[in-house]
>>> print(open('work-v2.cif').read())   # mmCIF, C-alpha atoms and all ligand atoms
data_structure
#
loop_
_atom_site.label_atom_id
_atom_site.label_comp_id
_atom_site.auth_asym_id
_atom_site.auth_seq_id
_atom_site.Cartn_x
_atom_site.Cartn_y
_atom_site.Cartn_z
CA MET A 300 -15.44 24.24 4.37
CA THR A 301 -17.90 21.77 2.85
CA LYS A 302 -16.98 18.20 3.59
CA LEU A 303 -16.24 15.89 0.70
CA LYS A 304 -18.61 12.96 0.38
CA TRP A 305 -17.03 9.58 0.77
CA GLY A 306 -18.18 6.03 0.01
CA MET A 307 -16.68 2.69 0.90
CA ILE A 308 -16.82 -0.75 -0.69
CA GLY A 309 -15.76 -3.62 1.56
CA GLY A 310 -14.37 -2.93 5.00
CA GLY A 311 -17.44 -4.46 6.64
CA GLU A 312 -17.89 -5.36 10.28
CA GLY A 313 -14.93 -7.41 11.54
CA SER A 314 -12.76 -6.71 8.50
CA GLN A 315 -9.10 -6.04 9.07
CA ILE A 316 -8.60 -2.79 7.16
CA GLY A 317 -12.08 -1.22 7.32
CA PRO A 318 -11.63 0.55 10.69
CA ALA A 319 -8.33 2.19 9.66
CA HIS A 320 -10.05 3.73 6.64
CA ARG A 321 -13.00 4.93 8.69
CA LEU A 322 -10.73 6.52 11.28
CA GLY A 323 -8.34 7.94 8.69
CA ALA A 324 -10.93 9.45 6.36
CA VAL A 325 -12.64 11.50 9.05
CA ALA A 326 -9.55 12.49 11.06
CA ASP A 327 -9.33 15.99 9.56
CA GLY A 328 -13.03 16.56 9.00
CA ARG A 329 -12.43 16.69 5.24
CA PHE A 330 -14.64 13.67 4.40
CA GLU A 331 -17.94 12.32 5.65
CA LEU A 332 -19.06 8.75 5.07
CA VAL A 333 -22.33 8.93 3.14
CA ALA A 334 -22.50 5.71 1.10
CA GLY A 335 -21.33 2.13 1.36
CA ALA A 336 -21.52 -1.43 0.07
CA LEU A 337 -19.59 -2.78 2.97
CA ASP A 338 -20.03 -6.53 2.95
CA HIS A 339 -20.30 -9.40 0.49
CA ARG A 340 -23.52 -10.31 2.35
CA PRO A 341 -25.97 -7.56 1.28
CA ALA A 342 -28.15 -7.54 4.40
CA LYS A 343 -25.15 -7.46 6.75
CA GLY A 344 -23.55 -4.72 4.68
CA LYS A 345 -26.68 -2.55 4.74
CA ALA A 346 -27.25 -3.04 8.47
CA PHE A 347 -23.65 -2.20 9.27
CA ALA A 348 -23.73 0.86 7.00
CA GLU A 349 -26.81 2.17 8.80
CA SER A 350 -25.19 1.51 12.17
CA LEU A 351 -22.37 3.84 11.01
CA GLY A 352 -24.86 6.61 10.28
CA ILE A 353 -25.21 6.10 6.51
CA ASP A 354 -28.71 6.93 5.31
CA SER A 355 -30.65 3.78 4.37
CA SER A 356 -31.03 5.08 0.79
CA ARG A 357 -27.26 4.95 0.40
CA ALA A 358 -26.63 1.72 2.32
CA TYR A 359 -26.20 -0.51 -0.70
CA GLY A 360 -26.33 -4.29 -1.06
CA SER A 361 -23.56 -4.49 -3.64
CA TRP A 362 -20.94 -2.31 -5.33
CA SER A 363 -22.83 -2.32 -8.65
CA GLU A 364 -25.98 -1.13 -6.88
CA MET A 365 -23.86 1.61 -5.33
CA LEU A 366 -22.43 2.62 -8.69
CA ASP A 367 -25.93 2.88 -10.19
CA GLY A 368 -27.24 4.77 -7.18
CA GLU A 369 -24.36 7.23 -6.88
CA LYS A 370 -23.77 8.11 -10.52
CA ASN A 371 -27.21 9.64 -10.87
CA ARG A 372 -27.11 11.83 -7.78
CA ASP A 373 -26.39 15.56 -7.72
CA ASP A 374 -24.66 15.04 -4.38
CA ALA A 375 -22.73 11.93 -5.47
CA ILE A 376 -19.66 10.78 -3.55
CA ASN A 377 -16.39 12.60 -4.27
CA LEU A 378 -14.26 9.57 -3.43
CA VAL A 379 -14.78 5.83 -3.22
CA THR A 380 -12.49 3.49 -1.32
CA VAL A 381 -12.18 -0.08 -2.54
CA ALA A 382 -11.31 -2.24 0.49
CA THR A 383 -12.55 -5.61 -0.70
CA PRO A 384 -10.41 -8.75 -1.15
CA ASN A 385 -7.81 -8.56 -3.93
CA ALA A 386 -9.61 -10.42 -6.72
CA THR A 387 -12.39 -7.80 -6.86
CA HIS A 388 -10.21 -4.66 -7.02
CA PHE A 389 -9.86 -4.52 -10.79
CA GLU A 390 -13.52 -4.76 -11.72
CA ILE A 391 -14.73 -2.34 -9.06
CA THR A 392 -11.97 0.21 -9.60
CA LYS A 393 -12.35 0.13 -13.39
CA SER A 394 -16.12 0.59 -13.17
CA PHE A 395 -15.94 3.55 -10.79
CA LEU A 396 -13.10 5.28 -12.64
CA GLU A 397 -14.93 4.91 -15.95
CA ALA A 398 -18.04 6.38 -14.35
CA GLY A 399 -16.01 9.46 -13.36
CA PHE A 400 -15.34 8.83 -9.67
CA ASN A 401 -12.12 9.45 -7.75
CA VAL A 402 -10.85 6.15 -6.30
CA LEU A 403 -8.59 4.94 -3.51
CA CYS A 404 -7.89 1.24 -4.10
CA GLU A 405 -6.39 -1.16 -1.60
CA LYS A 406 -3.22 -3.02 -2.52
CA PRO A 407 -2.54 -5.04 -4.58
CA MET A 408 -4.21 -2.84 -7.19
CA THR A 409 -5.03 -5.78 -9.47
CA MET A 410 -4.34 -9.49 -9.88
CA THR A 411 -2.38 -9.31 -13.14
CA VAL A 412 -0.01 -6.98 -14.96
CA GLU A 413 -2.48 -6.63 -17.85
CA GLU A 414 -5.22 -5.49 -15.49
CA GLY A 415 -2.74 -3.11 -13.84
CA GLU A 416 -1.90 -1.62 -17.21
CA GLU A 417 -5.58 -1.13 -17.94
CA ILE A 418 -6.20 0.68 -14.65
CA TYR A 419 -3.10 2.81 -15.24
CA LYS A 420 -4.40 3.86 -18.67
CA ILE A 421 -7.96 4.46 -17.50
CA ALA A 422 -6.74 6.53 -14.55
CA GLN A 423 -4.50 8.61 -16.85
CA LYS A 424 -7.29 9.18 -19.36
CA SER A 425 -9.98 9.91 -16.79
CA GLY A 426 -8.08 12.76 -15.17
CA LYS A 427 -9.63 11.62 -11.89
CA VAL A 428 -7.70 11.29 -8.64
CA PHE A 429 -6.58 7.72 -8.15
CA SER A 430 -4.34 6.21 -5.50
CA VAL A 431 -3.32 2.84 -4.11
CA ASN A 432 -3.23 2.49 -0.35
CA TYR A 433 0.53 2.19 0.21
CA CYS A 434 -0.19 3.97 3.45
CA TYR A 435 3.16 3.27 5.13
CA SER A 436 4.64 5.83 2.76
CA ALA A 437 2.51 8.47 4.50
CA TYR A 438 4.17 8.15 7.93
CA PRO A 439 5.88 11.46 8.77
CA MET A 440 9.26 9.86 9.42
CA VAL A 441 9.15 7.97 6.15
CA ARG A 442 8.64 11.35 4.48
CA GLN A 443 11.58 12.65 6.51
CA ALA A 444 13.73 9.78 5.20
CA ARG A 445 12.65 10.51 1.64
CA ALA A 446 13.37 14.22 2.03
CA MET A 447 16.81 13.44 3.49
CA VAL A 448 17.63 11.21 0.53
CA ARG A 449 16.37 13.86 -1.91
CA SER A 450 18.44 16.53 -0.17
CA GLY A 451 21.59 14.44 -0.40
CA ASP A 452 21.95 14.06 3.38
CA ILE A 453 23.23 10.50 3.04
CA GLY A 454 24.86 10.88 -0.38
CA LYS A 455 24.40 8.65 -3.37
CA LEU A 456 22.49 5.53 -2.40
CA ARG A 457 24.29 2.20 -2.39
CA LEU A 458 22.06 -0.31 -0.68
CA ILE A 459 18.51 -0.79 0.62
CA ILE A 460 17.56 -3.65 2.93
CA THR A 461 13.89 -4.09 3.75
CA ASN A 462 11.84 -6.71 5.57
CA PHE A 463 8.15 -7.30 5.99
CA SER A 464 8.15 -10.50 7.96
CA HIS A 465 5.67 -11.56 10.61
CA GLY A 466 4.84 -14.84 12.29
CA HIS A 467 1.06 -14.80 12.25
CA HIS A 468 0.56 -17.67 9.80
CA ALA A 469 3.19 -19.91 11.36
CA ASP A 470 0.86 -22.39 13.03
CA ALA A 471 0.71 -25.46 10.76
CA GLU A 472 -2.39 -26.62 12.67
CA ASP A 473 -4.14 -23.38 11.68
CA ALA A 474 -3.15 -23.52 8.01
CA GLU A 475 -6.63 -24.71 6.99
CA ASN A 476 -8.38 -21.84 8.81
CA PRO A 477 -10.45 -20.14 6.06
CA ARG A 478 -9.11 -16.67 6.98
CA VAL A 479 -5.55 -17.92 6.46
CA ARG A 480 -5.89 -20.55 3.77
CA TRP A 481 -7.07 -18.25 0.92
CA ARG A 482 -3.87 -16.27 1.03
CA TYR A 483 -1.90 -19.33 -0.16
CA ASP A 484 -4.53 -20.60 -2.59
CA PRO A 485 -3.94 -19.47 -6.20
CA GLN A 486 -7.69 -19.46 -6.89
CA MET A 487 -8.17 -16.72 -4.31
CA ALA A 488 -4.81 -14.99 -4.01
CA GLY A 489 -3.40 -15.17 -7.54
CA VAL A 490 0.16 -16.15 -8.44
CA SER A 491 1.84 -15.13 -5.21
CA GLY A 492 1.09 -15.41 -1.49
CA GLN A 493 3.31 -13.56 0.95
CA PHE A 494 5.22 -11.47 -1.59
CA ALA A 495 2.01 -10.07 -3.11
CA ASP A 496 0.48 -9.58 0.35
CA CYS A 497 3.33 -7.93 2.28
CA GLY A 498 6.45 -7.94 0.10
CA ILE A 499 5.03 -5.31 -2.25
CA HIS A 500 4.65 -2.84 0.62
CA ALA A 501 8.39 -3.22 1.28
CA MET A 502 9.30 -2.92 -2.39
CA HIS A 503 7.11 0.15 -2.78
CA MET A 504 8.81 1.68 0.25
CA ALA A 505 12.26 1.06 -1.25
CA SER A 506 11.20 2.84 -4.45
CA PHE A 507 9.40 5.57 -2.56
CA ILE A 508 12.26 6.61 -0.28
CA SER A 509 14.87 6.31 -3.01
CA ASP A 510 12.74 8.05 -5.68
CA ASP A 511 13.65 5.22 -7.99
CA THR A 512 12.07 2.25 -9.73
CA VAL A 513 12.88 -1.45 -9.66
CA ASP A 514 14.43 -2.67 -12.90
CA SER A 515 15.23 -6.32 -12.25
CA LEU A 516 15.06 -8.96 -9.56
CA SER A 517 15.96 -12.48 -8.52
CA ALA A 518 13.65 -14.33 -6.13
CA ASP A 519 13.69 -17.40 -3.93
CA PHE A 520 10.23 -18.53 -2.77
CA ALA A 521 9.45 -21.19 -0.17
CA SER A 522 6.26 -22.79 1.15
CA THR A 523 7.59 -23.68 4.56
CA ILE A 524 4.23 -25.21 5.49
CA SER A 525 4.20 -27.91 2.85
CA THR A 526 0.41 -27.97 2.29
CA ARG A 527 0.58 -24.39 1.01
CA ILE A 528 0.65 -24.01 -2.77
CA LEU A 529 1.83 -20.41 -2.72
CA GLU A 530 4.90 -19.11 -0.88
CA ASP A 531 4.81 -18.12 2.77
CA ASP A 532 8.41 -16.89 2.66
CA ALA A 533 10.41 -15.07 0.01
CA PHE A 534 13.79 -13.47 -0.40
CA VAL A 535 14.12 -11.07 -3.30
CA ASN A 536 17.30 -9.40 -4.53
CA PHE A 537 16.61 -6.42 -6.75
CA ARG A 538 18.29 -3.57 -8.59
CA LEU A 539 16.91 -0.07 -8.88
CA SER A 540 17.33 1.94 -12.08
CA LYS A 541 20.00 4.25 -10.65
CA GLY A 542 22.14 1.29 -9.61
CA THR A 543 21.11 0.94 -5.96
CA VAL A 544 21.23 -2.65 -4.68
CA GLY A 545 18.08 -3.91 -2.95
CA ARG A 546 17.42 -6.92 -0.72
CA LEU A 547 13.99 -7.84 0.60
CA TRP A 548 12.82 -10.57 2.98
CA THR A 549 9.13 -11.22 3.52
CA SER A 550 7.64 -14.02 5.57
CA SER A 551 4.50 -15.02 7.43
CA VAL A 552 6.14 -17.79 9.48
CA ALA A 553 8.71 -15.67 11.32
CA ILE A 554 7.54 -16.46 14.85
CA GLY A 555 8.35 -13.62 17.22
CA ARG A 556 8.22 -10.91 14.61
CA GLN A 557 4.98 -9.01 15.06
CA HIS A 558 4.32 -6.48 12.30
CA GLY A 559 7.91 -6.84 11.14
CA PHE A 560 8.18 -4.07 8.54
CA ASP A 561 11.44 -2.15 8.47
CA ILE A 562 13.84 -0.56 6.03
CA GLN A 563 17.48 0.51 6.03
CA ILE A 564 18.93 2.84 3.42
CA PHE A 565 22.70 3.09 3.07
CA GLY A 566 24.28 5.94 1.12
CA GLU A 567 27.88 7.01 0.55
CA THR A 568 27.80 9.43 3.51
CA GLY A 569 25.20 8.03 5.89
CA GLY A 570 22.60 5.44 6.81
CA LEU A 571 18.92 5.60 7.78
CA ARG A 572 16.70 3.08 9.55
CA TRP A 573 12.92 3.12 10.04
CA ALA A 574 10.61 0.46 11.46
CA SER A 575 6.82 0.44 11.47
CA GLU A 576 6.80 -0.73 15.10
CA GLN A 577 8.67 2.46 16.14
CA PRO A 578 7.25 4.75 13.46
CA ASN A 579 7.97 8.03 15.24
CA GLN A 580 11.73 7.63 15.16
CA LEU A 581 14.12 7.70 12.26
CA ILE A 582 17.61 6.47 13.04
CA TYR A 583 20.35 8.38 11.25
CA THR A 584 24.06 7.69 11.25
CA PRO A 585 26.38 10.01 9.32
CA LEU A 586 29.61 8.51 7.96
CA SER A 587 32.15 8.39 10.82
CA GLY A 588 29.63 10.09 13.10
CA ARG A 589 27.37 9.25 16.02
CA THR A 590 23.99 7.57 15.57
CA GLN A 591 21.12 10.00 16.11
CA ILE A 592 17.44 9.47 16.78
CA ILE A 593 15.33 11.92 14.80
CA GLU A 594 11.91 12.25 16.46
CA LYS A 595 8.62 13.06 14.80
CA GLY A 596 7.62 16.53 16.00
CA GLU A 597 11.14 17.99 16.20
CA ALA A 598 11.37 21.56 15.00
CA ASP A 599 13.83 21.17 12.13
CA LEU A 600 12.29 18.34 10.17
CA TYR A 601 11.80 18.60 6.45
CA GLU A 602 8.56 20.26 5.37
CA ASP A 603 6.77 17.10 4.21
CA ALA A 604 7.39 15.38 7.56
CA LYS A 605 6.14 18.46 9.45
CA ARG A 606 3.07 18.72 7.27
CA LEU A 607 2.01 15.16 8.02
CA THR A 608 2.65 15.37 11.77
CA ARG A 609 -0.48 15.93 13.82
CA VAL A 610 0.31 15.65 17.51
CA ALA A 611 3.15 16.97 19.66
CA ILE A 612 6.57 15.41 19.98
CA ALA A 613 6.74 12.12 21.92
CA HIS A 614 3.02 11.47 21.50
CA PRO A 615 2.72 8.33 19.40
CA GLU A 616 1.17 8.59 15.97
CA GLY A 617 0.42 5.29 14.35
CA PHE A 618 -1.23 3.42 11.53
CA PRO A 619 -4.68 5.10 11.41
CA LEU A 620 -3.03 8.53 11.25
CA ALA A 621 -0.77 7.38 8.43
CA VAL A 622 -3.96 6.36 6.63
CA ALA A 623 -5.39 9.77 7.59
CA ASN A 624 -2.42 11.35 5.80
CA MET A 625 -3.44 9.49 2.65
CA TYR A 626 -6.94 10.96 2.96
CA MET A 627 -5.60 14.44 3.70
CA ASP A 628 -3.61 14.35 0.47
CA LEU A 629 -6.53 12.82 -1.41
CA ALA A 630 -8.77 15.66 -0.22
CA ASP A 631 -6.16 18.19 -1.41
CA ALA A 632 -5.78 16.41 -4.74
CA ILE A 633 -9.56 16.30 -5.26
CA SER A 634 -9.64 20.02 -4.48
CA GLY A 635 -7.08 20.63 -7.22
CA SER A 636 -3.67 20.67 -5.45
CA ASP A 637 -0.80 18.51 -6.60
CA ARG A 638 0.20 16.09 -3.88
CA ASP A 639 3.66 14.68 -4.43
CA GLY A 640 4.00 11.35 -2.66
CA LEU A 641 0.46 10.08 -3.08
CA PRO A 642 0.92 6.56 -4.51
CA THR A 643 -0.21 6.35 -8.12
CA ALA A 644 -1.61 3.83 -10.58
CA GLN A 645 1.92 3.56 -11.91
CA ASP A 646 3.05 2.39 -8.46
CA GLY A 647 0.25 -0.18 -8.41
CA LEU A 648 1.24 -1.40 -11.87
CA ARG A 649 4.94 -1.58 -11.01
CA SER A 650 4.06 -3.74 -7.97
CA MET A 651 2.13 -6.18 -10.15
CA ALA A 652 5.05 -6.40 -12.59
CA ALA A 653 7.38 -7.12 -9.65
CA VAL A 654 5.06 -9.85 -8.36
CA TYR A 655 4.99 -11.60 -11.74
CA ALA A 656 8.73 -11.16 -12.17
CA ALA A 657 9.37 -12.68 -8.73
CA VAL A 658 7.16 -15.67 -9.48
CA LYS A 659 8.95 -16.20 -12.80
CA SER A 660 12.38 -15.89 -11.23
CA ALA A 661 11.52 -18.25 -8.36
CA LYS A 662 10.40 -20.88 -10.89
CA GLN A 663 13.72 -20.45 -12.73
CA ASN A 664 15.80 -21.07 -9.58
CA GLY A 665 16.34 -17.38 -8.95
CA SER A 666 17.48 -16.26 -12.37
CA TRP A 667 17.52 -12.46 -12.83
CA VAL A 668 14.48 -11.16 -14.68
CA ASP A 669 13.16 -7.81 -15.89
CA ALA A 670 10.77 -6.47 -13.24
CA ARG A 671 9.39 -3.52 -15.20
CA PRO A 672 5.88 -3.41 -16.62
CA PRO A 673 6.08 -3.96 -20.40
CA ILE A 674 4.73 -0.47 -21.11
CA PHE A 675 7.69 1.08 -19.27
CA SER A 676 10.41 -1.37 -20.25
CA ASP A 677 11.63 0.66 -23.24
CA GLU A 678 11.96 3.80 -21.17
CA ASN A 679 15.38 2.96 -19.81
CA LYS A 680 17.00 -0.18 -21.08
CA LEU A 681 18.66 -2.55 -18.64
P1 LIG B 701 -11.16 -8.96 5.26
O1 LIG B 701 -11.43 -10.32 4.71
O2 LIG B 701 -10.85 -8.79 6.71
O3 LIG B 701 -12.41 -7.98 4.92
C1 LIG B 701 -12.93 -7.86 3.62
C2 LIG B 701 -14.27 -7.13 3.69
O4 LIG B 701 -14.75 -6.91 2.37
C3 LIG B 701 -15.36 -7.92 4.42
O5 LIG B 701 -16.13 -7.03 5.19
C4 LIG B 701 -16.20 -8.49 3.27
O6 LIG B 701 -17.54 -8.76 3.63
C5 LIG B 701 -16.12 -7.39 2.28
N1 LIG B 701 -16.35 -7.80 0.90
C6 LIG B 701 -15.86 -8.89 0.26
N2 LIG B 701 -16.29 -8.93 -1.01
C7 LIG B 701 -17.07 -7.83 -1.19
C8 LIG B 701 -17.81 -7.32 -2.27
N3 LIG B 701 -17.81 -7.93 -3.46
N4 LIG B 701 -18.51 -6.18 -2.09
C9 LIG B 701 -18.52 -5.54 -0.90
N5 LIG B 701 -17.85 -5.99 0.17
C10 LIG B 701 -17.13 -7.12 0.03
O7 LIG B 701 -10.01 -8.37 4.35
P2 LIG B 701 -8.94 -7.24 4.76
O8 LIG B 701 -7.79 -7.88 5.45
O9 LIG B 701 -9.66 -6.08 5.36
O10 LIG B 701 -8.37 -6.87 3.31
C11 LIG B 701 -9.12 -6.14 2.37
C12 LIG B 701 -8.13 -5.53 1.38
O11 LIG B 701 -7.28 -4.61 2.07
C13 LIG B 701 -7.20 -6.56 0.72
O12 LIG B 701 -7.01 -6.20 -0.62
C14 LIG B 701 -5.89 -6.42 1.49
O13 LIG B 701 -4.76 -6.72 0.69
C15 LIG B 701 -5.91 -4.94 1.86
N6 LIG B 701 -5.16 -4.64 3.08
C16 LIG B 701 -4.31 -3.58 3.05
C17 LIG B 701 -3.57 -3.22 4.14
C18 LIG B 701 -2.65 -2.04 4.04
O14 LIG B 701 -1.77 -1.90 4.87
N7 LIG B 701 -2.80 -1.16 3.07
C19 LIG B 701 -3.65 -3.97 5.40
C20 LIG B 701 -4.65 -5.05 5.37
C21 LIG B 701 -5.36 -5.36 4.24
#
>>> encode(input="work-v2.cif", output="structure tokens")
Amino acid sequence: MTKLKWGMIGGGEGSQIGPAHRLGAVADGRFELVAGALDHRPAKGKAFAESLGIDSSRAYGSWSEMLDGEKNRDDAINLVTVATPNATHFEITKSFLEAGFNVLCEKPMTMTVEEGEEIYKIAQKSGKVFSVNYCYSAYPMVRQARAMVRSGDIGKLRLIITNFSHGHHADAEDAENPRVRWRYDPQMAGVSGQFADCGIHAMHMASFISDDTVDSLSADFASTISTRILEDDAFVNFRLSKGTVGRLWTSSVAIGRQHGFDIQIFGETGGLRWASEQPNQLIYTPLSGRTQIIEKGEADLYEDAKRLTRVAIAHPEGFPLAVANMYMDLADAISGSDRDGLPTAQDGLRSMAAVYAAVKSAKQNGSWVDARPPIFSDENKL
């Protein structure tokens, strides 16, 4: 099988998410890294690209140079990953999609709802493969949870509780550190801090497992470190379109919580619990029954969970392999197969609408607001 050609923008040396993409993309031998504009400093980006084995002719100094270079090649990249800071996602993604490339964009997809709508429309029109890196949805036991909900194993859903709360920005003395400060600065981060950074992963997960969309929400935001303009803690109550009640807590000052992403789904006949720090187990309790631990790698899992499992039972599979599952499905999608579960531009747009709705609600002392993107809000009235 010929490998697909892959290019990366951002994810330079020392970046947080770059290594997970590089491990994930090559895990199945479906992609090879052949082009990159990896750093906002051109010389550093080129040198790092070459150190990764990228030919010097395709080690670019900027994303626009890469676009010009790649669009005229017979052996152009089949997929580009956009792993730069948030404010650049829109422009880069739009330019590559319009030039006919398949794109994987990091979250949040854009900075505004209007930009999100534009990407959604361009992606639809282009017919190209486009996804947003909501990679937690690609863990095998998350897929097991989704398949159990779809199969009715826990009955009609009543309630979803999800948290994405860590304590890594809790040090008030460190609040001015440039790597931390931008996340709470509206010039760099947009209208929301912690909710846009981590909360949207949790909200996407709630929608993903329940196969439902968020209609409305009420938010309480707090900047617990008072010099921060944007929130470092948020509690968001929400309602899904089929009536399920949702509650979400996200924080970056929760000392003692490490990654801190978990979700509980309660239906009429059972409950499920999954946590990113124990990703290989799904906890299942049937109504009036014993709690069971369902392990990744067990024989009778649902097909989607089996498909995305790579190593034998009890051998841990973690974050880079969840990202690898994204790339496996992207490779299939680029080769013409439908891949149910791959996050879409619609997911990216819905997240942006939720962010803006949460900001609006928080400013109105938690009043309930419509959380749907305007282009979908007539689809099913509140
Ligand atoms: P980072 O600050 O650690 O790294 C950003 C990298 O992009 C650096 O190498 C920088 O030089 C490069 N860069 C910046 N501007 C560029 C430009 N115009 N052209 C080319 N390269 C450029 O940031 P981090 O934490 O890696 O985040 C990057 C993105 O990934 C963000 O949008 C973030 O929200 C997302 N992210 C997603 C995660 C997930 O679970 N899906 C986890 C962590 C981050």
>>> residues_around(input="work-v2.cif", residues="Thr526 of chain A", least_positions_apart="4", cutoff="10 Å", atoms="all atoms listed in the file", output="ChimeraX atom specification")
/A:471,474-475,480,483,522
>>> closest_atom_pairs(input="work-v2.cif", of="chain A", to="ligand LIG 701 (chain B)", cutoff="7 Å", atoms="all atoms listed in the file", output="Markdown table")
| residue | atom | partner | partner_atom | distance |
| --- | --- | --- | --- | --- |
| A:Ile308 | CA | B:LIG701 | C9 | 5.1 |
| A:Gly309 | CA | B:LIG701 | N5 | 3.5 |
| A:Gly310 | CA | B:LIG701 | C2 | 4.4 |
| A:Gly311 | CA | B:LIG701 | O5 | 3.2 |
| A:Glu312 | CA | B:LIG701 | O5 | 5.6 |
| A:Gly313 | CA | B:LIG701 | O2 | 6.5 |
| A:Ser314 | CA | B:LIG701 | O2 | 3.3 |
| A:Gln315 | CA | B:LIG701 | O9 | 3.8 |
| A:Ile316 | CA | B:LIG701 | O9 | 3.9 |
| A:Gly317 | CA | B:LIG701 | O9 | 5.8 |
| A:Ala336 | CA | B:LIG701 | C9 | 5.2 |
| A:Leu337 | CA | B:LIG701 | N5 | 4.6 |
| A:Asp338 | CA | B:LIG701 | O6 | 3.4 |
| A:His339 | CA | B:LIG701 | C10 | 3.9 |
| A:Arg340 | CA | B:LIG701 | O6 | 6.3 |
| A:Ser361 | CA | B:LIG701 | N4 | 5.5 |
| A:Trp362 | CA | B:LIG701 | N4 | 5.6 |
| A:Ala382 | CA | B:LIG701 | C12 | 4.7 |
| A:Thr383 | CA | B:LIG701 | O4 | 4.0 |
| A:Pro384 | CA | B:LIG701 | O12 | 4.3 |
| A:Asn385 | CA | B:LIG701 | O12 | 4.1 |
| A:Thr387 | CA | B:LIG701 | N3 | 6.4 |
| A:Glu405 | CA | B:LIG701 | O11 | 5.1 |
| A:Lys406 | CA | B:LIG701 | O13 | 5.1 |
| A:Pro407 | CA | B:LIG701 | O13 | 6.0 |
| A:Asn432 | CA | B:LIG701 | N7 | 5.0 |
| A:Tyr433 | CA | B:LIG701 | N7 | 5.5 |
| A:Cys434 | CA | B:LIG701 | N7 | 5.8 |
| A:Asp496 | CA | B:LIG701 | O13 | 6.0 |
>>> closest_residue(input="work-v2.cif", among="A:Gln443, A:Ser525, A:Ser676, A:Ser464", to="Arg572 of chain A", atoms="only C-alpha atoms")
A:Gln443
>>> closest_residue(input="work-v2.cif", among="A:Ile460, A:Leu571, A:Ile418, A:Leu351", to="Arg321 of chain A", atoms="only C-alpha atoms")
A:Leu351
>>> closest_atom_pairs(input="work-v2.cif", of="segment 456-503 of chain A", to="segment 648-655 of chain A", cutoff="8 Å", atoms="only C-alpha atoms", output="Markdown table")
| residue | atom | partner | partner_atom | distance |
| --- | --- | --- | --- | --- |
| A:Val490 | CA | A:Tyr655 | CA | 7.4 |
| A:Ser491 | CA | A:Val654 | CA | 6.9 |
| A:Phe494 | CA | A:Val654 | CA | 7.0 |
| A:Ala495 | CA | A:Val654 | CA | 6.1 |
| A:Ile499 | CA | A:Ser650 | CA | 6.0 |
| A:Met502 | CA | A:Ser650 | CA | 7.7 |
| A:His503 | CA | A:Ser650 | CA | 7.2 |
>>> closest_atom_pairs(input="work-v2.cif", of="segment 485-590 of chain A", to="segment 451-454 of chain A", cutoff="8 Å", atoms="all atoms listed in the file", output="tab-separated table")
residue	atom	partner	partner_atom	distance
A:Phe565	CA	A:Ile453	CA	7.4
A:Gly566	CA	A:Ile453	CA	5.1
A:Glu567	CA	A:Gly454	CA	5.0
A:Thr568	CA	A:Ile453	CA	4.7
A:Gly569	CA	A:Ile453	CA	4.3
A:Gly570	CA	A:Ile453	CA	6.3
A:Pro585	CA	A:Ile453	CA	7.0
>>> write_last_selection(input="work-v2.cif", atoms="C-alpha atoms", output="mmCIF file, in the coordinates of the input")
data_model
loop_
_atom_site.group_PDB
_atom_site.id
_atom_site.type_symbol
_atom_site.label_atom_id
_atom_site.label_comp_id
_atom_site.auth_asym_id
_atom_site.auth_seq_id
_atom_site.Cartn_x
_atom_site.Cartn_y
_atom_site.Cartn_z
ATOM 1 C CA PHE A 565 22.700 3.090 3.070
ATOM 2 C CA GLY A 566 24.280 5.940 1.120
ATOM 3 C CA GLU A 567 27.880 7.010 0.550
ATOM 4 C CA THR A 568 27.800 9.430 3.510
ATOM 5 C CA GLY A 569 25.200 8.030 5.890
ATOM 6 C CA GLY A 570 22.600 5.440 6.810
ATOM 7 C CA PRO A 585 26.380 10.010 9.320
#
>>> residues_near_point(input="work-v2.cif", point="(2.9, 0.6, -18.7)", cutoff="12 Å", atoms="all atoms listed in the file", output="short mmCIF file (atom, residue, chain, number, x, y, z; two decimals) with C-alpha atoms, in the frame of the given file")
data_model
loop_
_atom_site.label_atom_id
_atom_site.label_comp_id
_atom_site.auth_asym_id
_atom_site.auth_seq_id
_atom_site.Cartn_x
_atom_site.Cartn_y
_atom_site.Cartn_z
CA VAL A 412 -0.01 -6.98 -14.96
CA GLU A 413 -2.48 -6.63 -17.85
CA GLU A 414 -5.22 -5.49 -15.49
CA GLY A 415 -2.74 -3.11 -13.84
CA GLU A 416 -1.90 -1.62 -17.21
CA GLU A 417 -5.58 -1.13 -17.94
CA ILE A 418 -6.20 0.68 -14.65
CA TYR A 419 -3.10 2.81 -15.24
CA LYS A 420 -4.40 3.86 -18.67
CA ILE A 421 -7.96 4.46 -17.50
CA GLN A 423 -4.50 8.61 -16.85
CA ALA A 644 -1.61 3.83 -10.58
CA GLN A 645 1.92 3.56 -11.91
CA ASP A 646 3.05 2.39 -8.46
CA GLY A 647 0.25 -0.18 -8.41
CA LEU A 648 1.24 -1.40 -11.87
CA ARG A 649 4.94 -1.58 -11.01
CA SER A 650 4.06 -3.74 -7.97
CA MET A 651 2.13 -6.18 -10.15
CA ALA A 652 5.05 -6.40 -12.59
CA ALA A 670 10.77 -6.47 -13.24
CA ARG A 671 9.39 -3.52 -15.20
CA PRO A 672 5.88 -3.41 -16.62
CA PRO A 673 6.08 -3.96 -20.40
CA ILE A 674 4.73 -0.47 -21.11
CA PHE A 675 7.69 1.08 -19.27
CA SER A 676 10.41 -1.37 -20.25
CA ASP A 677 11.63 0.66 -23.24
CA GLU A 678 11.96 3.80 -21.17
#
>>> atom_distance(input="work-v2.cif", atom1="atom CA of Gly640 of chain A", atom2="atom CA of Ala613 of chain A")
24.7 Å
